[in-house]
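What follows is the content of work.pdb (PDB, C-alpha atoms, pLDDT in the B column).
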MODEL        1
ATOM      1  CA  MET A   1      49.952  69.978 107.121  1.00 58.00           C
ATOM      2  CA  ALA A   2      52.423  67.663 105.340  1.00 56.00           C
ATOM      3  CA  LEU A   3      52.482  69.997 102.320  1.00 54.00           C
ATOM      4  CA  PHE A   4      53.271  72.962 104.603  1.00 48.00           C
ATOM      5  CA  THR A   5      56.121  71.051 106.334  1.00 55.00           C
ATOM      6  CA  ARG A   6      57.603  69.988 103.002  1.00 56.00           C
ATOM      7  CA  ASN A   7      57.465  73.570 101.672  1.00 59.00           C
ATOM      8  CA  VAL A   8      59.100  74.962 104.823  1.00 53.00           C
ATOM      9  CA  GLY A   9      61.867  72.370 104.525  1.00 52.00           C
ATOM     10  CA  LEU A  10      62.430  73.334 100.898  1.00 50.00           C
ATOM     11  CA  LEU A  11      62.499  77.024 101.840  1.00 48.00           C
ATOM     12  CA  VAL A  12      65.108  76.375 104.567  1.00 47.00           C
ATOM     13  CA  LEU A  13      67.254  74.425 102.088  1.00 46.00           C
ATOM     14  CA  LEU A  14      67.019  77.208  99.499  1.00 45.00           C
ATOM     15  CA  VAL A  15      67.990  79.882 102.047  1.00 46.00           C
ATOM     16  CA  PHE A  16      70.966  77.759 103.149  1.00 48.00           C
ATOM     17  CA  VAL A  17      72.203  77.296  99.560  1.00 45.00           C
ATOM     18  CA  TRP A  18      71.668  81.007  98.856  1.00 45.00           C
ATOM     19  CA  SER A  19      73.701  81.973 101.948  1.00 46.00           C
ATOM     20  CA  LEU A  20      76.582  79.740 100.829  1.00 46.00           C
ATOM     21  CA  THR A  21      76.510  81.406  97.414  1.00 48.00           C
ATOM     22  CA  MET A  22      76.574  84.861  98.979  1.00 41.00           C
ATOM     23  CA  CYS A  23      79.513  83.868 101.200  1.00 43.00           C
ATOM     24  CA  ASP A  24      81.389  82.521  98.174  1.00 45.00           C
ATOM     25  CA  ALA A  25      80.861  85.839  96.403  1.00 46.00           C
ATOM     26  CA  GLY A  26      82.158  87.745  99.423  1.00 46.00           C
ATOM     27  CA  ILE A  27      78.769  89.368 100.124  1.00 49.00           C
ATOM     28  CA  LEU A  28      78.231  87.652 103.473  1.00 48.00           C
ATOM     29  CA  PRO A  29      80.911  86.563 105.963  1.00 48.00           C
ATOM     30  CA  ASN A  30      82.252  83.014 105.821  1.00 47.00           C
ATOM     31  CA  VAL A  31      79.958  80.613 107.656  1.00 49.00           C
ATOM     32  CA  GLY A  32      82.705  78.036 108.042  1.00 51.00           C
ATOM     33  CA  ALA A  33      81.504  75.760 105.237  1.00 54.00           C
ATOM     34  CA  LEU A  34      83.785  77.194 102.565  1.00 57.00           C
ATOM     35  CA  PRO A  35      87.576  77.058 102.126  1.00 66.00           C
ATOM     36  CA  ASN A  36      89.761  80.002 103.099  1.00 89.00           C
ATOM     37  CA  VAL A  37      90.410  82.884 100.762  1.00 96.00           C
ATOM     38  CA  THR A  38      93.158  82.125  98.247  1.00 97.00           C
ATOM     39  CA  HIS A  39      95.642  84.635  96.848  1.00 98.00           C
ATOM     40  CA  VAL A  40      97.329  83.963  93.499  1.00 98.00           C
ATOM     41  CA  ASN A  41     100.423  86.040  92.778  1.00 98.00           C
ATOM     42  CA  ILE A  42     102.026  85.793  89.316  1.00 98.00           C
ATOM     43  CA  THR A  43     105.439  87.323  88.498  1.00 98.00           C
ATOM     44  CA  ASN A  44     107.000  87.939  85.090  1.00 98.00           C
ATOM     45  CA  ASP A  45     110.331  86.075  85.231  1.00 98.00           C
ATOM     46  CA  LEU A  46     110.801  85.650  81.461  1.00 98.00           C
ATOM     47  CA  GLY A  47     114.223  87.252  81.573  1.00 96.00           C
ATOM     48  CA  GLY A  48     115.636  90.141  79.586  1.00 95.00           C
ATOM     49  CA  ASP A  49     113.333  93.057  78.943  1.00 96.00           C
ATOM     50  CA  LEU A  50     110.331  90.932  77.921  1.00 98.00           C
ATOM     51  CA  THR A  51     106.940  92.330  78.925  1.00 98.00           C
ATOM     52  CA  LEU A  52     104.278  89.753  79.769  1.00 98.00           C
ATOM     53  CA  THR A  53     100.569  90.216  79.075  1.00 98.00           C
ATOM     54  CA  ILE A  54      98.455  87.929  81.263  1.00 98.00           C
ATOM     55  CA  HIS A  55      94.691  87.385  81.142  1.00 98.00           C
ATOM     56  CA  CYS A  56      93.181  85.093  83.790  1.00 98.00           C
ATOM     57  CA  LYS A  57      89.662  83.624  83.879  1.00 98.00           C
ATOM     58  CA  SER A  58      87.554  81.073  85.679  1.00 97.00           C
ATOM     59  CA  GLY A  59      84.180  79.704  84.673  1.00 93.00           C
ATOM     60  CA  ASP A  60      82.600  82.631  86.550  1.00 92.00           C
ATOM     61  CA  ASP A  61      85.143  85.464  86.479  1.00 96.00           C
ATOM     62  CA  ASP A  62      87.087  87.242  83.751  1.00 98.00           C
ATOM     63  CA  LEU A  63      89.868  89.171  85.469  1.00 98.00           C
ATOM     64  CA  GLY A  64      90.923  91.133  82.394  1.00 98.00           C
ATOM     65  CA  ALA A  65      94.320  91.562  80.763  1.00 98.00           C
ATOM     66  CA  HIS A  66      97.306  92.902  82.709  1.00 98.00           C
ATOM     67  CA  VAL A  67     100.698  93.978  81.374  1.00 98.00           C
ATOM     68  CA  LEU A  68     103.659  92.997  83.545  1.00 98.00           C
ATOM     69  CA  PRO A  69     107.119  94.458  82.972  1.00 98.00           C
ATOM     70  CA  PRO A  70     110.052  92.229  84.017  1.00 98.00           C
ATOM     71  CA  LEU A  71     109.892  91.057  87.662  1.00 98.00           C
ATOM     72  CA  ILE A  72     106.532  92.773  88.280  1.00 98.00           C
ATOM     73  CA  SER A  73     103.625  90.802  89.765  1.00 98.00           C
ATOM     74  CA  TYR A  74      99.869  90.629  89.391  1.00 98.00           C
ATOM     75  CA  GLU A  75      97.666  89.238  92.182  1.00 98.00           C
ATOM     76  CA  PHE A  76      94.045  88.200  92.453  1.00 98.00           C
ATOM     77  CA  VAL A  77      92.027  86.874  95.381  1.00 97.00           C
ATOM     78  CA  PHE A  78      89.056  84.511  95.474  1.00 96.00           C
ATOM     79  CA  ARG A  79      87.322  81.976  97.676  1.00 95.00           C
ATOM     80  CA  PRO A  80      87.377  78.402  96.306  1.00 95.00           C
ATOM     81  CA  ASN A  81      83.965  76.772  96.235  1.00 92.00           C
ATOM     82  CA  MET A  82      82.807  73.979  98.513  1.00 90.00           C
ATOM     83  CA  TRP A  83      82.510  71.481  95.632  1.00 92.00           C
ATOM     84  CA  TRP A  84      86.288  71.482  94.927  1.00 93.00           C
ATOM     85  CA  THR A  85      85.755  72.599  91.335  1.00 95.00           C
ATOM     86  CA  THR A  86      87.300  76.083  91.326  1.00 96.00           C
ATOM     87  CA  GLN A  87      89.735  76.523  88.453  1.00 97.00           C
ATOM     88  CA  TYR A  88      91.522  79.532  86.954  1.00 98.00           C
ATOM     89  CA  PHE A  89      93.518  79.516  83.738  1.00 98.00           C
ATOM     90  CA  CYS A  90      95.554  82.312  82.207  1.00 98.00           C
ATOM     91  CA  SER A  91      96.649  83.210  78.735  1.00 98.00           C
ATOM     92  CA  VAL A  92     100.184  84.563  78.668  1.00 98.00           C
ATOM     93  CA  GLU A  93     101.741  86.443  75.786  1.00 98.00           C
ATOM     94  CA  TRP A  94     105.031  88.132  75.030  1.00 98.00           C
ATOM     95  CA  PRO A  95     106.649  89.007  71.703  1.00 97.00           C
ATOM     96  CA  GLY A  96     106.705  85.837  69.605  1.00 96.00           C
ATOM     97  CA  ALA A  97     104.834  83.626  72.107  1.00 97.00           C
ATOM     98  CA  SER A  98     101.270  82.884  73.196  1.00 97.00           C
ATOM     99  CA  HIS A  99     100.355  80.159  75.716  1.00 97.00           C
ATOM    100  CA  TYR A 100      97.798  79.009  78.293  1.00 97.00           C
ATOM    101  CA  ILE A 101      98.408  77.622  81.768  1.00 98.00           C
ATOM    102  CA  ASP A 102      96.149  76.324  84.547  1.00 98.00           C
ATOM    103  CA  ILE A 103      97.150  78.686  87.328  1.00 98.00           C
ATOM    104  CA  TYR A 104      94.808  77.261  89.986  1.00 98.00           C
ATOM    105  CA  ILE A 105      93.026  73.916  90.105  1.00 97.00           C
ATOM    106  CA  GLN A 106      91.365  73.456  93.475  1.00 96.00           C
ATOM    107  CA  LYS A 107      91.840  69.678  93.660  1.00 96.00           C
ATOM    108  CA  ARG A 108      95.548  70.118  92.848  1.00 97.00           C
ATOM    109  CA  ASP A 109      96.344  73.288  94.798  1.00 96.00           C
ATOM    110  CA  GLN A 110      93.938  73.589  97.759  1.00 93.00           C
ATOM    111  CA  ASP A 111      96.296  71.836 100.182  1.00 92.00           C
ATOM    112  CA  ARG A 112      99.464  73.389  98.694  1.00 95.00           C
ATOM    113  CA  CYS A 113      98.863  77.071  99.252  1.00 96.00           C
ATOM    114  CA  ASP A 114      96.578  79.820 100.481  1.00 96.00           C
ATOM    115  CA  ILE A 115      99.040  82.237  98.907  1.00 98.00           C
ATOM    116  CA  CYS A 116      99.977  80.650  95.597  1.00 98.00           C
ATOM    117  CA  MET A 117     103.062  82.399  94.228  1.00 98.00           C
ATOM    118  CA  TRP A 118     103.968  81.749  90.588  1.00 98.00           C
ATOM    119  CA  VAL A 119     106.744  82.803  88.274  1.00 98.00           C
ATOM    120  CA  ILE A 120     106.189  82.717  84.533  1.00 98.00           C
ATOM    121  CA  VAL A 121     109.296  81.511  82.717  1.00 98.00           C
ATOM    122  CA  PRO A 122     109.783  80.785  78.984  1.00 98.00           C
ATOM    123  CA  TYR A 123     108.875  77.072  79.313  1.00 97.00           C
ATOM    124  CA  GLY A 124     105.830  77.368  81.643  1.00 98.00           C
ATOM    125  CA  GLY A 125     104.855  78.377  85.150  1.00 98.00           C
ATOM    126  CA  CYS A 126     106.533  77.443  88.423  1.00 98.00           C
ATOM    127  CA  LEU A 127     104.711  77.460  91.757  1.00 98.00           C
ATOM    128  CA  PHE A 128     106.512  78.292  94.994  1.00 98.00           C
ATOM    129  CA  ASN A 129     107.057  75.166  97.101  1.00 97.00           C
ATOM    130  CA  TYR A 130     106.712  76.058 100.786  1.00 97.00           C
ATOM    131  CA  LYS A 131     108.567  72.849 101.765  1.00 97.00           C
ATOM    132  CA  THR A 132     111.726  73.485  99.722  1.00 97.00           C
ATOM    133  CA  ARG A 133     111.394  77.308  99.649  1.00 98.00           C
ATOM    134  CA  LEU A 134     111.967  77.203  95.863  1.00 98.00           C
ATOM    135  CA  TYR A 135     109.875  77.707  92.744  1.00 98.00           C
ATOM    136  CA  ASP A 136     110.264  74.045  91.867  1.00 98.00           C
ATOM    137  CA  ILE A 137     106.699  72.874  91.182  1.00 98.00           C
ATOM    138  CA  CYS A 138     106.715  73.574  87.454  1.00 98.00           C
ATOM    139  CA  TYR A 139     104.064  72.977  84.826  1.00 98.00           C
ATOM    140  CA  PRO A 140     104.480  73.202  81.049  1.00 97.00           C
ATOM    141  CA  TRP A 141     102.082  75.212  78.923  1.00 98.00           C
ATOM    142  CA  ASN A 142      98.683  73.689  78.196  1.00 96.00           C
ATOM    143  CA  PRO A 143      98.378  72.111  74.740  1.00 93.00           C
ATOM    144  CA  PRO A 144      97.408  74.614  72.007  1.00 84.00           C
ATOM    145  CA  ARG A 145      93.685  75.353  71.719  1.00 73.00           C
ATOM    146  CA  TYR A 146      92.264  75.220  68.200  1.00 68.00           C
TER
ENDMDL
END
Any chance you could put this one into structure tokens?
Amino acid sequence: MALFTRNVGLLVLLVFVWSLTMCDAGILPNVGALPNVTHVNITNDLGGDLTLTIHCKSGDDDLGAHVLPPLISYEFVFRPNMWWTTQYFCSVEWPGASHYIDIYIQKRDQDRCDICMWVIVPYGGCLFNYKTRLYDICYPWNPPRY
């Protein structure tokens, strides 16, 4: 009987973990254990007529490359995980430049925004600050990757 009880307990735990995974993937509705959906909106604010190519990824998702003319935006939506480890980074390129930036780090951004609005400028990315109503939370490019 003890073996049966232990196996049932393990089965219940596995079903619970599976349901959280399905909710995170958007297959099942949110059961309340996971953070809200997050929107990331990125605008090309390089100036002039510079076209921006942006390619964002996480450890699980490759969102593909997108070409943004001046002042045009790209948006993606996801649900951060319950372990506070969700992270997205983007490569950004325009004529004569190629950089990387961490566009979403859950531990850094979870309490800042559900709609994270960014502008890409020549020196890095600036996140909209809902307190000041300005794009004044700015980050430089990540160090070069070799």
To one decimal in Å, tell me the separation between CA of Trp84 (chain A) and CA of Asp61 (chain A). 16.4 Å
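Matched in the shown structure by the PyMOL selection byres ((chain A and resi 140) around 10): His99, Tyr100, Ile101, Asp102, Val121, Pro122, Tyr123, Gly124, Gly125, Cys126, Cys138, Tyr139, Trp141, Asn142 and Pro143 of chain A.
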Would you put the residues from that selection into a file with C-alpha atoms, as a short mmCIF file (atom, residue, chain, number, x, y, z; two decimals), keeping the file's coordinate frame?
data_model
loop_
_atom_site.label_atom_id
_atom_site.label_comp_id
_atom_site.auth_asym_id
_atom_site.auth_seq_id
_atom_site.Cartn_x
_atom_site.Cartn_y
_atom_site.Cartn_z
CA HIS A 99 100.36 80.16 75.72
CA TYR A 100 97.80 79.01 78.29
CA ILE A 101 98.41 77.62 81.77
CA ASP A 102 96.15 76.32 84.55
CA VAL A 121 109.30 81.51 82.72
CA PRO A 122 109.78 80.78 78.98
CA TYR A 123 108.88 77.07 79.31
CA GLY A 124 105.83 77.37 81.64
CA GLY A 125 104.86 78.38 85.15
CA CYS A 126 106.53 77.44 88.42
CA CYS A 138 106.72 73.57 87.45
CA TYR A 139 104.06 72.98 84.83
CA TRP A 141 102.08 75.21 78.92
CA ASN A 142 98.68 73.69 78.20
CA PRO A 143 98.38 72.11 74.74
#
Centre and edges of the region 62-80 of chain A box, axis-aligned, 4 Å extra per side, as AutoDock Vina command-line options:
--center_x 98.6 --center_y 86.4 --center_z 89.2 --size_x 31.0 --size_y 24.1 --size_z 24.9
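Matched in the shown structure by the PyMOL selection byres ((chain A and resi 103) around 9): Val40, Ile42, Cys56, Gln87, Tyr88, Phe89, Cys90, Ile101, Asp102, Tyr104, Ile105, Cys116, Trp118, Gly125 and Leu127 of chain A.
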Residues matched by the PyMOL selection byres ((chain A and resi 69-79) around 10), written as a ChimeraX atom specification: /A:23-26,30,34-54,56,61,63,66-68,80-82,86,114-120
For CA of His55 (chain A) and CA of Cys113 (chain A), the interatomic separation in Å (one decimal):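 Separation of CA of His55 (chain A) and CA of Cys113 (chain A): 21.3 Å.
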CA of Gly59 (chain A) to CA of Gln106 (chain A), straight-line distance in Å: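 Between these atoms lies a distance of 13.0 Å.
Proximity of A:Tyr130, A:Pro144, A:Gly96, A:Asp136 to Asp111 (chain A), computed with all atoms listed in the file, is greatest for A:Tyr130.
Among the candidates A:Ser91, A:Asp109, A:Ser98, A:Arg145, the residue lying nearest to Ser58 (chain A) is A:Ser91 (atoms considered: all atoms listed in the file).
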